[in-house]
Amino acid sequence: MTADPAPLRLGYGTNGLTDLRLDDALALLAGLGYDGVGLTLDHMHHDPLAPGLAARTARIAGRLAELGLAVTVETGARYVLDPREKHGPGLLDPDPDRRARRTGLLTTAAQVAADLGAHALHCFTGAPPPGVTTEEAWAALPDALAPVLEASRTTGVPLALEPEPGHLVATLADFHRLRTLLGDPGELGLTLDIGHCQCLEPEPPAACVRAAAPWLRHVQIEDMRRGVHEHLPFGEGEIDFPPVLAALAATGYQGLTVVELPRHSHAGPTQAAHALPFLRRAAREAGAALTPAGPA
């Protein structure tokens with residue numbers, strides 16, 4: 001007997017609500033009917049480098065519980081470690097002290113994720129820095145990731161690595177290369193960004209979802225055009241969403257599907273209000289159940 005498809009649980013990323021205080025952002029999402037939130041660790045909302053992290057995390061955990069919001073922790077903040085270098089320093093930095101700053105952030109994030117009851121910890125590899133060849137970066141990546149994988153193992157929060165255009169791990173094929181290189185550790189999972197599939201994967205997004213199913217730990221979603229890495233509001237790109245949501249439901253994936261519109265924070269509340277009914281309509285067209293069911 002075939003199992004029923006898993007209900008889709010929809011969330012919205014705080015990196016698209018940076019003009020709001022975190023409490024206001026969480027209340028907005030709960031009020032709109034979202035199931036959860038993708039919480040990016042950054043100075044705007046939850047600074048992983050500021051004093052009192054454990055107490056602040058406990059307060060957020062309480063607020064999430066009050067509002068009935070699930071959470072995943074995302075670590076894609078642009079300038080959280082270096083005010084001059086986007087996403088720097090990264091896991092591939094040749095300077096061990098700088099590289100340790102990134103692994104330190106990610107191991108801290110693993111503890112934050114555990115304290116929040118998050119279903120996954122998102123990260124990415126970054127791009128090879130100037131002077132580091134692609135092959136040198138691949139050779140260095142296992143050691144760079146080792147402390148992060150250990151933190152995932154210790155906290156019990158799966159690591160969900162995102163293939164990101166322009167990064168060392170940019171595609172699903174790159175993810176599988178890394179997985180094989182590491183010996184297929186159980187704590188290493190995948191963040192699948194649906195827009196990135198449209199942007200540069202050889203197969204359409206729905207096929208990517210089906211192929212990624214065994215490793216799926218986190219999903220990000222937005223519209224996008226082929227060959228252009230620009231996160232777009234729904235309806236402004238080229239993605240046919242009902243087949244994507246049908247494929248996602250069929251995988252049995254239990255985590256959040258989080259809208260990611262980081263360049264639209266200036267209109268974050270409007271975008272959040274638009275995205276949810278769009279995805280609900282697409283899910284109904286696909287015959288995919290939602291949790292909880294809500295109005296159009």
# chains A, B, ... in the order shown; residues from 1 in each chain; ligands from 1

call {"tool": "select_by_dssp", "arguments": {"residues": "segment 16-236 of chain A", "states": "strand (DSSP E or B)", "output": "PyMOL selection string"}}
result
chain A and resi 36-40+70-74+121-123+159-161+188-193+216-221+223-225+228-232

call {"tool": "write_last_selection", "arguments": {"atoms": "N, CA, C and O atoms", "output": "compact mmCIF listing (two decimals), in the first residue's frame"}}
result
# COMPACT_ATOMS: atom_id res chain seq x y z
N GLY A 36 5.70 28.01 10.17
CA GLY A 36 7.00 28.14 10.81
C GLY A 36 7.81 29.27 10.20
O GLY A 36 7.33 30.05 9.37
N VAL A 37 9.08 29.30 10.60
CA VAL A 37 9.97 30.38 10.22
C VAL A 37 11.37 29.84 9.99
O VAL A 37 11.82 28.92 10.69
N GLY A 38 12.02 30.37 8.97
CA GLY A 38 13.44 30.13 8.77
C GLY A 38 14.20 31.27 9.42
O GLY A 38 14.17 32.40 8.92
N LEU A 39 14.84 31.02 10.56
CA LEU A 39 15.48 32.07 11.35
C LEU A 39 16.94 32.18 10.95
O LEU A 39 17.75 31.30 11.23
N THR A 40 17.30 33.28 10.29
CA THR A 40 18.69 33.54 9.94
C THR A 40 19.39 34.19 11.12
O THR A 40 18.92 35.21 11.64
N ALA A 70 6.95 26.37 14.02
CA ALA A 70 8.15 25.55 13.91
C ALA A 70 9.29 26.41 13.40
O ALA A 70 9.08 27.53 12.91
N VAL A 71 10.53 25.88 13.47
CA VAL A 71 11.68 26.71 13.09
C VAL A 71 12.77 25.86 12.49
O VAL A 71 12.96 24.69 12.85
N THR A 72 13.46 26.43 11.55
CA THR A 72 14.75 25.93 11.11
C THR A 72 15.74 27.08 11.23
O THR A 72 15.35 28.26 11.15
N VAL A 73 17.00 26.77 11.48
CA VAL A 73 18.03 27.80 11.66
C VAL A 73 18.85 27.90 10.39
O VAL A 73 19.39 26.89 9.90
N GLU A 74 18.95 29.11 9.86
CA GLU A 74 19.69 29.36 8.63
C GLU A 74 20.90 30.24 8.93
O GLU A 74 20.87 31.09 9.81
N LEU A 121 19.66 22.47 10.56
CA LEU A 121 20.60 23.58 10.54
C LEU A 121 21.12 23.73 9.12
O LEU A 121 21.77 22.83 8.58
N HIS A 122 20.83 24.85 8.53
CA HIS A 122 21.23 25.14 7.15
C HIS A 122 22.64 25.72 7.10
O HIS A 122 23.05 26.47 7.99
N CYS A 123 23.40 25.36 6.06
CA CYS A 123 24.68 26.03 5.80
C CYS A 123 25.02 25.87 4.33
O CYS A 123 24.32 25.16 3.58
N LEU A 159 22.41 18.49 9.72
CA LEU A 159 23.01 19.56 8.92
C LEU A 159 22.42 19.49 7.52
O LEU A 159 22.41 18.43 6.89
N ALA A 160 21.91 20.61 7.04
CA ALA A 160 21.25 20.67 5.73
C ALA A 160 22.06 21.61 4.84
O ALA A 160 21.89 22.82 4.88
N LEU A 161 22.96 21.04 4.07
CA LEU A 161 23.87 21.83 3.24
C LEU A 161 23.19 22.24 1.95
O LEU A 161 22.59 21.39 1.27
N LEU A 188 24.64 14.41 7.60
CA LEU A 188 24.70 15.34 6.47
C LEU A 188 23.48 15.17 5.59
O LEU A 188 23.26 14.12 4.98
N GLY A 189 22.67 16.22 5.54
CA GLY A 189 21.51 16.25 4.67
C GLY A 189 21.60 17.43 3.72
O GLY A 189 22.63 18.09 3.59
N LEU A 190 20.50 17.69 3.06
CA LEU A 190 20.46 18.64 1.96
C LEU A 190 19.41 19.72 2.20
O LEU A 190 18.29 19.42 2.63
N THR A 191 19.78 20.97 1.94
CA THR A 191 18.81 22.05 1.73
C THR A 191 18.60 22.17 0.23
O THR A 191 19.55 22.43 -0.51
N LEU A 192 17.39 21.97 -0.23
CA LEU A 192 17.07 22.13 -1.64
C LEU A 192 16.36 23.45 -1.84
O LEU A 192 15.28 23.68 -1.30
N ASP A 193 16.98 24.33 -2.62
CA ASP A 193 16.37 25.60 -2.98
C ASP A 193 15.72 25.42 -4.35
O ASP A 193 16.41 25.16 -5.34
N LEU A 216 16.77 14.96 1.83
CA LEU A 216 16.09 16.24 2.04
C LEU A 216 15.88 16.52 3.52
O LEU A 216 15.24 15.74 4.22
N ARG A 217 16.44 17.62 4.01
CA ARG A 217 16.27 18.03 5.40
C ARG A 217 15.67 19.43 5.52
O ARG A 217 15.17 19.80 6.59
N HIS A 218 15.76 20.22 4.47
CA HIS A 218 15.24 21.59 4.50
C HIS A 218 14.95 22.01 3.06
O HIS A 218 15.64 21.59 2.13
N VAL A 219 13.91 22.84 2.89
CA VAL A 219 13.53 23.32 1.56
C VAL A 219 13.34 24.83 1.60
O VAL A 219 12.70 25.35 2.52
N GLN A 220 13.92 25.51 0.63
CA GLN A 220 13.67 26.93 0.41
C GLN A 220 12.96 27.08 -0.92
O GLN A 220 13.19 26.30 -1.85
N ILE A 221 12.11 28.09 -1.01
CA ILE A 221 11.29 28.20 -2.21
C ILE A 221 11.06 29.66 -2.57
O ILE A 221 10.86 30.51 -1.70
N ASP A 223 10.46 32.05 -6.68
CA ASP A 223 10.45 31.95 -8.13
C ASP A 223 11.83 32.33 -8.67
O ASP A 223 12.60 33.02 -7.98
N MET A 224 12.15 31.88 -9.88
CA MET A 224 13.44 32.18 -10.48
C MET A 224 13.37 31.90 -11.97
O MET A 224 12.46 31.20 -12.45
N ARG A 225 14.33 32.46 -12.72
CA ARG A 225 14.42 32.22 -14.16
C ARG A 225 15.67 31.38 -14.46
O ARG A 225 16.63 31.40 -13.71
N VAL A 228 19.59 32.68 -14.24
CA VAL A 228 19.70 33.96 -13.54
C VAL A 228 19.46 33.72 -12.05
O VAL A 228 18.34 33.37 -11.64
N HIS A 229 20.50 33.93 -11.23
CA HIS A 229 20.36 33.71 -9.79
C HIS A 229 19.78 34.96 -9.13
O HIS A 229 20.49 35.77 -8.54
N GLU A 230 18.48 35.09 -9.26
CA GLU A 230 17.76 36.22 -8.66
C GLU A 230 16.48 35.68 -8.04
O GLU A 230 15.62 35.14 -8.74
N HIS A 231 16.36 35.80 -6.72
CA HIS A 231 15.18 35.32 -6.01
C HIS A 231 14.01 36.26 -6.31
O HIS A 231 14.08 37.46 -6.01
N LEU A 232 12.94 35.71 -6.86
CA LEU A 232 11.81 36.51 -7.32
C LEU A 232 10.54 36.14 -6.58
O LEU A 232 10.33 34.98 -6.21

call {"tool": "residues_around", "arguments": {"residues": "Leu106 of chain A", "least_positions_apart": "5", "cutoff": "9 Å", "atoms": "only C-alpha atoms", "output": "PyMOL selection string"}}
result
chain A and resi 75+101+111+121+123+147-148+151

call {"tool": "residues_around", "arguments": {"residues": "segment 56-66 of chain A", "least_positions_apart": "4", "cutoff": "10 Å", "atoms": "only C-alpha atoms", "output": "PyMOL selection string"}}
result
chain A and resi 22-23+26-27+30+36-37+46-48+50-52+70-71+111-113+115-118

call {"tool": "select_by_dssp", "arguments": {"residues": "segment 42-279 of chain A", "states": "alpha helix (DSSP H)", "output": "PyMOL selection string"}}
result
chain A and resi 53-67+96-116+134-155+172-181+194-200+205-212+241-251+268-279

call {"tool": "residues_around", "arguments": {"residues": "segment 84-89 of chain A", "least_positions_apart": "4", "cutoff": "7 Å", "atoms": "only C-alpha atoms", "output": "VMD selection string"}}
result
chain A and resid 77 to 79 93 98 to 99 102

call {"tool": "write_last_selection", "arguments": {"atoms": "N, CA and C atoms", "output": "mmCIF file, in the first residue's frame"}}
result
data_model
loop_
_atom_site.group_PDB
_atom_site.id
_atom_site.type_symbol
_atom_site.label_atom_id
_atom_site.label_comp_id
_atom_site.auth_asym_id
_atom_site.auth_seq_id
_atom_site.Cartn_x
_atom_site.Cartn_y
_atom_site.Cartn_z
ATOM 1 N N ALA A 77 23.597 34.616 6.527
ATOM 2 C CA ALA A 77 23.733 36.071 6.687
ATOM 3 C C ALA A 77 24.948 36.574 5.918
ATOM 4 N N ARG A 78 24.812 37.715 5.280
ATOM 5 C CA ARG A 78 25.858 38.182 4.373
ATOM 6 C C ARG A 78 27.106 38.673 5.100
ATOM 7 N N TYR A 79 26.945 39.424 6.187
ATOM 8 C CA TYR A 79 28.096 40.099 6.790
ATOM 9 C C TYR A 79 28.187 39.856 8.300
ATOM 10 N N ASP A 93 38.456 29.229 3.487
ATOM 11 C CA ASP A 93 39.513 30.229 3.646
ATOM 12 C C ASP A 93 40.839 29.535 3.960
ATOM 13 N N ARG A 98 40.885 32.355 10.273
ATOM 14 C CA ARG A 98 39.666 32.859 9.638
ATOM 15 C C ARG A 98 38.672 31.720 9.391
ATOM 16 N N ARG A 99 39.166 30.592 8.952
ATOM 17 C CA ARG A 99 38.302 29.439 8.735
ATOM 18 C C ARG A 99 37.636 29.010 10.041
ATOM 19 N N ARG A 102 34.375 30.754 10.870
ATOM 20 C CA ARG A 102 33.174 30.213 10.227
ATOM 21 C C ARG A 102 32.724 28.925 10.896
#
